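> Before I ask anything, let me first share the structure, which is written out below as structure tokens.
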Number of protein chains: 2
Amino acid sequence: MTARRDAGRPRGKPIERAILAATLGELAEHGVDGVSIPRIALACEVNKTTIYRRWPTREALVAAALEGALRESAEELRDTGSLRGDLRLLVGVITARLASPAGRALARAAMSEQSAAEVGALARDPGVREQDAAVALVARATARGEWDPARHAPDAVLAMIVGGILHRVLLERLPVTPEWAEVLVDVIVCGLTPDRPPA
Amino acid sequence: MTARRDAGRPRGKPIERAILAATLGELAEHGVDGVSIPRIALACEVNKTTIYRRWPTREALVAAALEGALRESAEELRDTGSLRGDLRLLVGVITARLASPAGRALARAAMSEQSAAEVGALARDPGVREQDAAVALVARATARGEWDPARHAPDAVLAMIVGGILHRVLLERLPVTPEWAEVLVDVIVCGLTPDRPPA
């Protein structure tokens with residue numbers, strides 16, 4: 001295969017998308033630490049410098065690839081009119097992400113011991129958009145009277161939801177069935193409903 | 001250092017304990033795939049065959065080391081008289097385990113892509129004893145009228161508890177504070193209390 005020079009050629013969106021897609025593929029196959037820019041350049045038939053010009057470091061490239069993938073899923077987290085509906089959607093979006101090898105590779109990388117700083121930065125950066133969606137979900141539930149965030153801190157509740165799914169998929173290695181997901185959603189919705197005095 | 005031969009010597013418990021402790025240290029430092037029997041033999045000043053005689057494979061040795069560590073924590077999961085108390089204890093035991101490098105290494109290994117079969121077998125084997133403790137916790141709550149396991153499947157609820165803590169410690173890399181733990185326990189206890197009709 002010949003790596004062809006593309007200096008001077010207009011940088012179309014399709015090439016960017018191809019590079020980011022190839023990056024997600026690398027991430028899925030080799031993990032964050034194994035992402036190879038030379039291999040991506042070869043696969044997309046561009047010069048390495050074409051990649052480095054847009055994304056100066058491997059970390060920036062991986063972050064951009066993840067950002068694109070996460071933006072899509074965050075956009076799905078619309079207002080369904082109830083906390084129960086919003087949580088069902090959230091569980092579905094997270095489950096769909098973990099259904100792909102790239103999604104599982106990201107989750108494992110984010111929990112890995114090595115390259116904690118590097119991966120932490122990645123997780124924070126593209127995570128912002130998702131966190132915005134989660135903050136909006138909590139704000140809607142609070143406005144509806146379904147969640148008292150002063151009593152039930154959102155970070156703890158969201159950790160139970162995301163962590164529960166990670167436990168199911170990565171540790172138990174079992175599928176998230178509709179029945180399993182409904183138990184999780186039901187416990188959270190009933191647990192948050194503030195018509196019960198604190199113990 | 002000289003590896004001394006101990007064939008014919010009575011196999012005292014202290015040597016077994018030393019070998020299993022050294023195995024936990026290896027696990028913490030090198031992960032499941034990096035546990036080295038020669039290094040353990042050297043550290044404990046025994047011949048490798050002394051180890052292989054009791055534990056024919058590295059997997060058996062690691063499983064035995066984990067079994068010992070988990071047995072201790074499972075024994076702490078006593079009946080406190082209420083689901084809330086039992087869950088507080090469970091969260092404390094899991095948090096304490098993840099406070100050690102060996103505990104975090106095991107959790108990461110159990111979720112890793114590589115050596116899925118090997119690690120899965122390890123996780124299942126020593127996990128049995130812990131699962132017994134969890135089953136007893138659920139049975140007590142059911143008997144007290146605090147949990148309807150037909151409506152809220154224990155595997156989903158336990159995944160939310162363990163997964164929530166894993167998310168906090170491994171992914172967010174933040175400490176499990178008493179306030180954070182109380183939100184988790186409160187959501188679960190209120191969510192399970194079966195005085196609310198299913199939606």
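All residue names refer to the structure tokens as shown: chains lettered A, B, ... in order, residues numbered from 1 in each chain, ligands numbered from 1 in order.
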Which chain A residues are at most 6 Å from chain B (counting only C-alpha atoms), as an MDAnalysis selection string?

chainID A and resid 110:111 152 159:160 163:164 167 170:171 183 187 190:191

> Quick one: write out the picked residues with N, CA, C and O atoms as an mmCIF file, in the first residue's frame?


data_model
loop_
_atom_site.group_PDB
_atom_site.id
_atom_site.type_symbol
_atom_site.label_atom_id
_atom_site.label_comp_id
_atom_site.auth_asym_id
_atom_site.auth_seq_id
_atom_site.Cartn_x
_atom_site.Cartn_y
_atom_site.Cartn_z
ATOM 1 N N ALA A 110 -10.494 3.756 30.798
ATOM 2 C CA ALA A 110 -10.781 4.787 31.794
ATOM 3 C C ALA A 110 -10.586 4.256 33.206
ATOM 4 O O ALA A 110 -10.336 5.018 34.127
ATOM 5 N N MET A 111 -10.707 2.919 33.381
ATOM 6 C CA MET A 111 -10.541 2.332 34.710
ATOM 7 C C MET A 111 -9.159 1.746 34.924
ATOM 8 O O MET A 111 -8.864 1.233 36.000
ATOM 9 N N HIS A 152 -30.218 13.433 47.553
ATOM 10 C CA HIS A 152 -29.592 12.361 46.771
ATOM 11 C C HIS A 152 -28.657 12.965 45.728
ATOM 12 O O HIS A 152 -29.081 13.283 44.601
ATOM 13 N N ALA A 159 -23.409 7.299 39.378
ATOM 14 C CA ALA A 159 -22.400 6.228 39.504
ATOM 15 C C ALA A 159 -23.082 4.870 39.647
ATOM 16 O O ALA A 159 -22.601 3.866 39.112
ATOM 17 N N MET A 160 -24.213 4.831 40.366
ATOM 18 C CA MET A 160 -24.933 3.563 40.527
ATOM 19 C C MET A 160 -25.479 3.065 39.181
ATOM 20 O O MET A 160 -25.493 1.863 38.911
ATOM 21 N N GLY A 163 -22.226 2.554 36.773
ATOM 22 C CA GLY A 163 -21.437 1.477 37.367
ATOM 23 C C GLY A 163 -22.175 0.145 37.350
ATOM 24 O O GLY A 163 -21.569 -0.905 37.135
ATOM 25 N N GLY A 164 -23.489 0.186 37.591
ATOM 26 C CA GLY A 164 -24.272 -1.056 37.546
ATOM 27 C C GLY A 164 -24.191 -1.711 36.182
ATOM 28 O O GLY A 164 -24.022 -2.932 36.067
ATOM 29 N N HIS A 167 -20.687 -3.115 35.604
ATOM 30 C CA HIS A 167 -20.553 -4.370 36.348
ATOM 31 C C HIS A 167 -21.172 -5.516 35.568
ATOM 32 O O HIS A 167 -20.577 -6.587 35.416
ATOM 33 N N LEU A 170 -18.980 -5.719 31.842
ATOM 34 C CA LEU A 170 -17.535 -5.977 31.863
ATOM 35 C C LEU A 170 -17.158 -7.052 32.876
ATOM 36 O O LEU A 170 -16.210 -7.812 32.647
ATOM 37 N N LEU A 171 -17.852 -7.108 34.009
ATOM 38 C CA LEU A 171 -17.440 -8.033 35.056
ATOM 39 C C LEU A 171 -18.235 -9.338 34.981
ATOM 40 O O LEU A 171 -17.656 -10.415 34.884
ATOM 41 N N VAL A 183 -35.312 -3.318 36.470
ATOM 42 C CA VAL A 183 -35.074 -3.373 37.921
ATOM 43 C C VAL A 183 -34.227 -2.172 38.341
ATOM 44 O O VAL A 183 -34.532 -1.476 39.317
ATOM 45 N N VAL A 187 -35.625 0.745 40.855
ATOM 46 C CA VAL A 187 -35.007 1.025 42.166
ATOM 47 C C VAL A 187 -34.622 2.501 42.257
ATOM 48 O O VAL A 187 -34.864 3.158 43.273
ATOM 49 N N CYS A 190 -37.996 4.751 42.355
ATOM 50 C CA CYS A 190 -38.658 4.630 43.665
ATOM 51 C C CYS A 190 -37.755 5.158 44.773
ATOM 52 O O CYS A 190 -38.225 5.771 45.731
ATOM 53 N N GLY A 191 -36.467 4.924 44.652
ATOM 54 C CA GLY A 191 -35.539 5.364 45.692
ATOM 55 C C GLY A 191 -35.431 6.873 45.785
ATOM 56 O O GLY A 191 -35.179 7.422 46.861
#

> Just want the 10 Å neighbourhood of range 12-20 of chain A, counted on only C-alpha atoms, with same-chain residues fewer than 3 positions away dropped. Output as a list in words.

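The filter keeps Arg9, Thr23, Leu24, Gly25, Glu26, Ile37, Ile40, Ala41, Ala43, Cys44, Glu45, Val46, Thr50, Ile51, Arg54, Leu61, Val62, Ala63, Ala64, Ala65, Leu66, Glu67, Gly68 and Ala69 of chain A.
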
> Restrict the selected residues to N, CA, C and O atoms and save them as a short mmCIF file (atom, residue, chain, number, x, y, z; two decimals), in the first residue's frame.


data_model
loop_
_atom_site.label_atom_id
_atom_site.label_comp_id
_atom_site.auth_asym_id
_atom_site.auth_seq_id
_atom_site.Cartn_x
_atom_site.Cartn_y
_atom_site.Cartn_z
N ARG A 9 -3.95 19.55 -0.82
CA ARG A 9 -5.29 19.11 -1.19
C ARG A 9 -6.27 19.67 -0.16
O ARG A 9 -5.98 19.68 1.04
N THR A 23 -9.55 5.73 13.97
CA THR A 23 -9.04 5.86 15.35
C THR A 23 -9.89 5.04 16.31
O THR A 23 -9.37 4.34 17.19
N LEU A 24 -11.22 5.10 16.14
CA LEU A 24 -12.10 4.30 16.99
C LEU A 24 -11.82 2.81 16.80
O LEU A 24 -11.84 2.03 17.75
N GLY A 25 -11.54 2.43 15.55
CA GLY A 25 -11.21 1.03 15.27
C GLY A 25 -9.93 0.61 15.97
O GLY A 25 -9.87 -0.47 16.58
N GLU A 26 -8.90 1.48 15.90
CA GLU A 26 -7.63 1.21 16.59
C GLU A 26 -7.85 1.07 18.10
O GLU A 26 -7.30 0.19 18.75
N ILE A 37 -0.74 6.04 15.10
CA ILE A 37 -1.01 7.01 14.04
C ILE A 37 -0.46 6.53 12.69
O ILE A 37 -1.14 6.67 11.68
N ILE A 40 -3.04 4.27 11.27
CA ILE A 40 -4.25 5.00 10.86
C ILE A 40 -3.98 5.70 9.53
O ILE A 40 -4.81 5.68 8.62
N ALA A 41 -2.78 6.30 9.41
CA ALA A 41 -2.43 7.00 8.17
C ALA A 41 -2.44 6.02 6.99
O ALA A 41 -2.98 6.32 5.91
N ALA A 43 -4.09 3.16 6.78
CA ALA A 43 -5.45 2.68 6.50
C ALA A 43 -6.25 3.72 5.74
O ALA A 43 -7.06 3.39 4.88
N CYS A 44 -6.02 5.02 6.05
CA CYS A 44 -6.79 6.08 5.39
C CYS A 44 -6.10 6.61 4.15
O CYS A 44 -6.59 7.55 3.51
N GLU A 45 -4.92 6.05 3.85
CA GLU A 45 -4.14 6.50 2.69
C GLU A 45 -3.85 7.99 2.74
O GLU A 45 -4.05 8.71 1.77
N VAL A 46 -3.45 8.47 3.91
CA VAL A 46 -2.99 9.85 4.03
C VAL A 46 -1.60 9.84 4.65
O VAL A 46 -1.17 8.84 5.22
N THR A 50 -0.61 14.78 7.77
CA THR A 50 -1.99 15.23 7.61
C THR A 50 -2.75 15.07 8.92
O THR A 50 -3.57 15.91 9.30
N ILE A 51 -2.45 13.97 9.61
CA ILE A 51 -3.11 13.73 10.89
C ILE A 51 -2.55 14.67 11.95
O ILE A 51 -3.30 15.35 12.67
N ARG A 54 -3.79 18.30 12.15
CA ARG A 54 -5.07 18.59 12.81
C ARG A 54 -5.07 18.23 14.29
O ARG A 54 -5.68 18.89 15.11
N LEU A 61 -6.03 13.20 19.17
CA LEU A 61 -6.74 12.44 18.14
C LEU A 61 -7.78 11.51 18.78
O LEU A 61 -8.94 11.46 18.35
N VAL A 62 -7.36 10.79 19.80
CA VAL A 62 -8.28 9.85 20.47
C VAL A 62 -9.44 10.63 21.10
O VAL A 62 -10.60 10.23 20.99
N ALA A 63 -9.13 11.76 21.73
CA ALA A 63 -10.18 12.58 22.35
C ALA A 63 -11.18 13.04 21.30
O ALA A 63 -12.39 13.00 21.53
N ALA A 64 -10.68 13.44 20.12
CA ALA A 64 -11.57 13.92 19.06
C ALA A 64 -12.47 12.78 18.57
O ALA A 64 -13.66 12.97 18.32
N ALA A 65 -11.88 11.60 18.43
CA ALA A 65 -12.66 10.45 17.96
C ALA A 65 -13.77 10.11 18.96
O ALA A 65 -14.92 9.86 18.57
N LEU A 66 -13.42 10.13 20.25
CA LEU A 66 -14.40 9.81 21.28
C LEU A 66 -15.46 10.91 21.36
O LEU A 66 -16.64 10.63 21.54
N GLU A 67 -15.01 12.14 21.21
CA GLU A 67 -15.94 13.26 21.29
C GLU A 67 -17.04 13.09 20.25
O GLU A 67 -18.22 13.24 20.55
N GLY A 68 -16.63 12.72 19.05
CA GLY A 68 -17.62 12.52 17.99
C GLY A 68 -18.60 11.41 18.33
O GLY A 68 -19.81 11.56 18.16
N ALA A 69 -18.05 10.32 18.85
CA ALA A 69 -18.90 9.18 19.16
C ALA A 69 -19.86 9.50 20.30
O ALA A 69 -21.03 9.09 20.30
#

> Based on the backbone DSSP call, show me all residues of range 80-191 of chain B assigned alpha helix (DSSP H), as a PyMOL selection string.

chain B and resi 83-98+101-111+116-143+154-166+178-191

> Closest to Leu137 in chain B among B:Ala102, B:Thr95, B:Pro178, B:Asp86, using only C-alpha atoms?

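The answer is B:Asp86, which sits nearest to Leu137 in chain B.
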